[in-house]
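Shown next: structure.tsv, given as TSV, C-alpha atoms.
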```
chain	number	residue	atom	x	y	z
A	194	MET	CA	-27.06	19.48	-21.81
A	195	SER	CA	-24.83	20.06	-18.80
A	196	LYS	CA	-25.96	21.16	-15.37
A	197	PRO	CA	-24.81	24.53	-14.10
A	198	GLY	CA	-22.55	24.69	-11.07
A	199	ARG	CA	-19.24	23.25	-10.04
A	200	PRO	CA	-17.97	20.01	-11.51
A	201	ALA	CA	-18.05	16.92	-9.27
A	202	GLY	CA	-14.28	16.61	-9.11
A	203	PRO	CA	-11.19	18.61	-9.88
A	204	ALA	CA	-10.00	19.03	-13.45
A	205	ALA	CA	-7.66	16.21	-14.47
A	206	ASP	CA	-4.62	18.47	-14.67
A	207	THR	CA	-5.40	20.03	-11.28
A	208	GLU	CA	-5.79	16.59	-9.73
A	209	GLU	CA	-2.48	15.46	-11.21
A	210	ILE	CA	-0.68	18.59	-9.99
A	211	VAL	CA	-2.07	18.34	-6.46
A	212	LEU	CA	-1.63	14.58	-6.07
A	213	THR	CA	1.90	14.67	-7.50
A	214	ALA	CA	2.77	17.39	-4.98
A	215	ALA	CA	1.02	15.43	-2.21
A	216	LEU	CA	3.11	12.35	-2.97
A	217	ASP	CA	6.28	14.43	-3.04
A	218	LEU	CA	5.42	16.02	0.32
A	219	LEU	CA	4.58	12.62	1.76
A	220	LEU	CA	7.96	11.25	0.70
A	221	THR	CA	10.00	14.25	1.82
A	222	GLU	CA	8.13	15.57	4.86
A	223	GLY	CA	5.76	12.80	5.93
A	224	GLY	CA	2.02	12.53	6.16
A	225	THR	CA	1.60	15.52	8.45
A	226	ALA	CA	2.55	17.81	5.56
A	227	LEU	CA	-0.60	16.80	3.66
A	228	THR	CA	-2.66	19.85	4.46
A	229	PRO	CA	-4.62	21.99	2.03
A	230	GLN	CA	-2.65	25.08	3.08
A	231	ARG	CA	0.71	23.36	2.48
A	232	LEU	CA	-0.40	22.01	-0.89
A	233	HIS	CA	-1.68	25.44	-1.92
A	234	THR	CA	1.73	26.87	-1.08
A	235	VAL	CA	3.55	24.19	-3.08
A	236	THR	CA	1.25	24.03	-6.11
A	237	GLY	CA	-0.37	27.44	-6.40
A	238	VAL	CA	-3.75	25.71	-6.82
A	239	ALA	CA	-6.46	27.75	-5.12
A	240	ARG	CA	-6.98	26.82	-1.48
A	241	THR	CA	-10.72	26.65	-2.02
A	242	THR	CA	-10.23	24.02	-4.75
A	243	ILE	CA	-7.95	21.97	-2.51
A	244	TYR	CA	-10.24	22.29	0.54
A	245	ARG	CA	-13.27	21.34	-1.57
A	246	HIS	CA	-11.74	18.13	-2.91
A	247	TRP	CA	-9.18	17.13	-0.25
A	248	PRO	CA	-10.06	18.82	3.05
A	249	THR	CA	-8.02	16.46	5.28
A	250	PRO	CA	-4.81	14.41	5.08
A	251	ARG	CA	-7.07	11.34	4.99
A	252	ASP	CA	-8.58	12.60	1.73
A	253	PHE	CA	-5.12	12.96	0.17
A	254	LEU	CA	-4.15	9.47	1.34
A	255	ALA	CA	-7.37	7.98	-0.08
A	256	ALA	CA	-6.81	9.73	-3.41
A	257	LEU	CA	-3.20	8.53	-3.57
A	258	ILE	CA	-4.27	4.94	-2.82
A	259	SER	CA	-6.78	5.14	-5.65
A	260	VAL	CA	-4.13	6.09	-8.20
A	261	ALA	CA	-1.29	3.93	-6.83
A	262	PRO	CA	-0.12	1.27	-9.27
A	263	HIS	CA	-0.22	-2.33	-8.08
A	264	PRO	CA	1.97	-4.30	-10.46
A	265	ALA	CA	1.55	-8.05	-10.38
A	266	ALA	CA	4.06	-10.67	-11.35
A	267	GLN	CA	3.27	-12.48	-14.58
A	268	PRO	CA	2.09	-16.03	-13.80
A	269	THR	CA	4.39	-18.71	-15.20
A	270	GLY	CA	2.10	-21.67	-14.64
A	271	ASP	CA	4.37	-22.94	-11.85
A	272	PRO	CA	2.58	-21.93	-8.62
A	273	VAL	CA	5.72	-22.33	-6.48
A	274	ALA	CA	7.77	-20.09	-8.79
A	275	ASP	CA	4.86	-17.64	-8.94
A	276	LEU	CA	4.71	-17.40	-5.14
A	277	HIS	CA	8.45	-16.73	-4.98
A	278	ALA	CA	8.06	-14.09	-7.73
A	279	GLU	CA	5.28	-12.36	-5.78
A	280	VAL	CA	7.47	-12.32	-2.67
A	281	ASP	CA	10.32	-10.77	-4.68
A	282	LEU	CA	7.95	-8.14	-6.02
A	283	LEU	CA	6.67	-7.37	-2.52
A	284	CYS	CA	10.24	-7.04	-1.20
A	285	ASP	CA	10.96	-4.61	-4.05
A	286	ARG	CA	7.80	-2.60	-3.33
A	287	LEU	CA	8.64	-2.37	0.38
A	288	ARG	CA	12.17	-1.29	-0.48
A	289	ASP	CA	10.95	1.49	-2.75
A	290	LYS	CA	10.42	4.70	-0.88
A	291	PRO	CA	6.83	5.41	-1.97
A	292	VAL	CA	5.38	2.19	-0.56
A	293	ALA	CA	7.29	2.27	2.73
A	294	ALA	CA	6.67	6.00	3.23
A	295	PHE	CA	3.03	5.56	2.35
A	296	LEU	CA	2.65	2.74	4.88
A	297	ARG	CA	4.30	4.88	7.57
A	298	ALA	CA	1.99	7.80	6.75
A	299	LEU	CA	-1.06	5.53	6.98
A	300	VAL	CA	0.08	4.14	10.33
A	301	THR	CA	0.70	7.66	11.68
A	302	ALA	CA	-2.59	8.99	10.32
A	303	SER	CA	-4.46	5.99	11.77
A	304	SER	CA	-3.13	6.76	15.24
A	305	THR	CA	-4.68	10.24	15.23
A	306	ASP	CA	-7.66	9.76	12.90
A	307	PRO	CA	-9.68	6.55	13.37
A	308	GLU	CA	-11.25	7.11	9.94
A	309	CYS	CA	-7.81	6.39	8.41
A	310	VAL	CA	-7.82	2.84	9.79
A	311	PRO	CA	-9.87	1.44	6.87
A	312	LEU	CA	-7.45	3.12	4.42
A	313	ARG	CA	-4.49	1.51	6.15
A	314	GLN	CA	-6.23	-1.85	6.16
A	315	ARG	CA	-7.13	-1.53	2.48
A	316	TYR	CA	-3.56	-0.67	1.52
A	317	VAL	CA	-2.08	-3.55	3.53
A	318	LEU	CA	-4.66	-5.99	2.15
A	319	ASP	CA	-3.69	-4.83	-1.35
A	320	LEU	CA	-0.10	-5.81	-0.49
A	321	PHE	CA	-1.30	-9.22	0.73
A	322	ALA	CA	-3.61	-9.92	-2.24
A	323	PRO	CA	-1.03	-11.26	-4.73
A	324	VAL	CA	0.38	-13.59	-2.06
A	325	HIS	CA	-3.15	-14.81	-1.27
A	326	ARG	CA	-3.74	-15.52	-4.98
A	327	SER	CA	-0.45	-17.40	-5.27
A	328	ILE	CA	-1.19	-19.55	-2.21
A	329	ARG	CA	-4.68	-20.27	-3.54
A	330	ALA	CA	-3.06	-21.37	-6.85
A	331	LEU	CA	-1.09	-23.96	-4.86
A	332	GLY	CA	-4.40	-25.70	-4.13
A	333	VAL	CA	-5.02	-24.30	-0.65
A	334	ASP	CA	-8.77	-23.77	-0.37
A	335	ALA	CA	-9.52	-22.86	3.23
A	336	GLU	CA	-9.47	-19.08	3.68
A	337	ALA	CA	-8.04	-19.44	7.21
A	338	ASP	CA	-5.13	-21.52	5.85
A	339	ILE	CA	-4.51	-19.02	3.05
A	340	GLU	CA	-4.52	-16.14	5.54
A	341	GLU	CA	-2.19	-17.96	7.94
A	342	ALA	CA	0.27	-18.80	5.17
A	343	ALA	CA	0.23	-15.26	3.74
A	344	THR	CA	0.67	-13.75	7.19
A	345	ALA	CA	3.67	-16.00	7.89
A	346	ILE	CA	5.31	-14.73	4.71
A	347	VAL	CA	4.33	-11.04	4.65
A	348	SER	CA	4.31	-10.01	8.32
A	349	PRO	CA	8.10	-10.16	8.84
A	350	LEU	CA	8.53	-8.00	5.74
A	351	LEU	CA	6.14	-5.39	7.11
A	352	VAL	CA	7.93	-5.41	10.46
A	353	ASP	CA	11.23	-4.76	8.66
A	354	ALA	CA	9.80	-1.92	6.57
A	355	LEU	CA	7.59	-0.24	9.17
A	356	LEU	CA	9.09	-0.84	12.57
A	357	LEU	CA	12.76	-1.48	12.01
A	358	ASP	CA	13.43	0.80	9.01
A	359	ARG	CA	15.23	-2.05	7.32
A	360	ILE	CA	15.09	-3.29	3.79
A	361	ALA	CA	12.83	-6.33	3.60
A	362	ASP	CA	15.03	-9.41	3.97
A	363	ARG	CA	14.49	-11.28	0.71
A	364	GLN	CA	16.30	-14.43	1.88
A	365	ARG	CA	14.23	-14.64	5.05
A	366	ALA	CA	11.08	-14.09	2.96
A	367	HIS	CA	11.98	-17.00	0.71
A	368	ARG	CA	12.71	-19.20	3.74
A	369	ALA	CA	9.22	-18.29	4.99
A	370	VAL	CA	7.80	-19.32	1.61
A	371	ASP	CA	9.67	-22.63	1.82
A	372	ASP	CA	8.33	-23.22	5.36
A	373	VAL	CA	4.79	-22.53	4.15
A	374	LEU	CA	5.28	-24.87	1.18
A	375	THR	CA	6.50	-27.59	3.55
A	376	ARG	CA	3.42	-27.16	5.78
A	377	ILE	CA	1.13	-27.29	2.74
A	378	ALA	CA	2.79	-30.48	1.52
A	379	ASP	CA	2.69	-32.06	5.02
A	380	PRO	CA	-0.54	-30.78	6.64
A	381	ILE	CA	-0.29	-33.25	9.57
A	382	ARG	CA	2.61	-31.36	11.17
```
Hey, can you dump this file as structure tokens for me?
Amino acid sequence: MSKPGRPAGPAADTEEIVLTAALDLLLTEGGTALTPQRLHTVTGVARTTIYRHWPTPRDFLAALISVAPHPAAQPTGDPVADLHAEVDLLCDRLRDKPVAAFLRALVTASSTDPECVPLRQRYVLDLFAPVHRSIRALGVDAEADIEEAATAIVSPLLVDALLLDRIADRQRAHRAVDDVLTRIADPIR
């Protein structure tokens, strides 16, 4: 027996319509376009429905993060090759407009809404996670060493994508991987 009243979330087709439009607005107009009024205008979905489920841009960003695909490279059994494959995949993701635009929107939203900071952190940590796993597969156990190695590889790519509006430099990323591999092999440096 079902309870009377409104359902807990939007209908699946309504959610798909609104979030598809939200992603399109994010990519074409930026994160500031993610308002219930703007999405009502674009989708025709009732403003009350949009306000009820996504009252702020932060709510749209959180919903988009929840449905964003996070493809992982298929492990080959060679941890060095796997790390290089993850770096290639990250370069591709940062090159693709949705990821770079989404990161920019999260940075912008975080500057005006402190409650967006955890969303930004979560999204960036999701980008780091495959690199962390690959470094761990190399036999690095200390979390601080894993974090340092991942940061040395990923940070320049994020600077390219977020601050310099450049395509992530794949060759530089692979040089960073090689430097990390050298440090792992010769920890006395």
What separates atom CA of A:His277 and atom CA of A:Leu374 is a distance of 10.7 Å
Selection as a ChimeraX atom specification: residues within 12 Å of (1.7, -13.2, -14.7), counting all atoms listed in the file = /A:264-272,274-276,278-279,282,323,326-327
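With atom CA of A:Gln230 on one side and atom CA of A:Cys309 on the other, the separation reads 20.1 Å.
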For atom CA of A:Thr234 and atom CA of A:Leu220, the interatomic separation in Å (one decimal) =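 Computing it gives 16.9 Å between the two atoms.
Closest approach to A:Leu350 among A:Ala378, A:Ala366, A:Leu219, A:Val310: A:Ala366, based on all atoms listed in the file.
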Selection near stretch 301-308 of chain A, 9 Å with all atoms listed in the file, sequence-local residues under 2 positions removed, as a PyMOL selection string | chain A and resi 224-225+250-251+296-299+310-313
Contact residues around A:Thr228 with only C-alpha atoms at 12 Å, ignoring same-chain residues under 5 positions, as a ChimeraX atom specification | /A:211-212,214-215,218-219,222-223,233-235,240,243-244,246-254
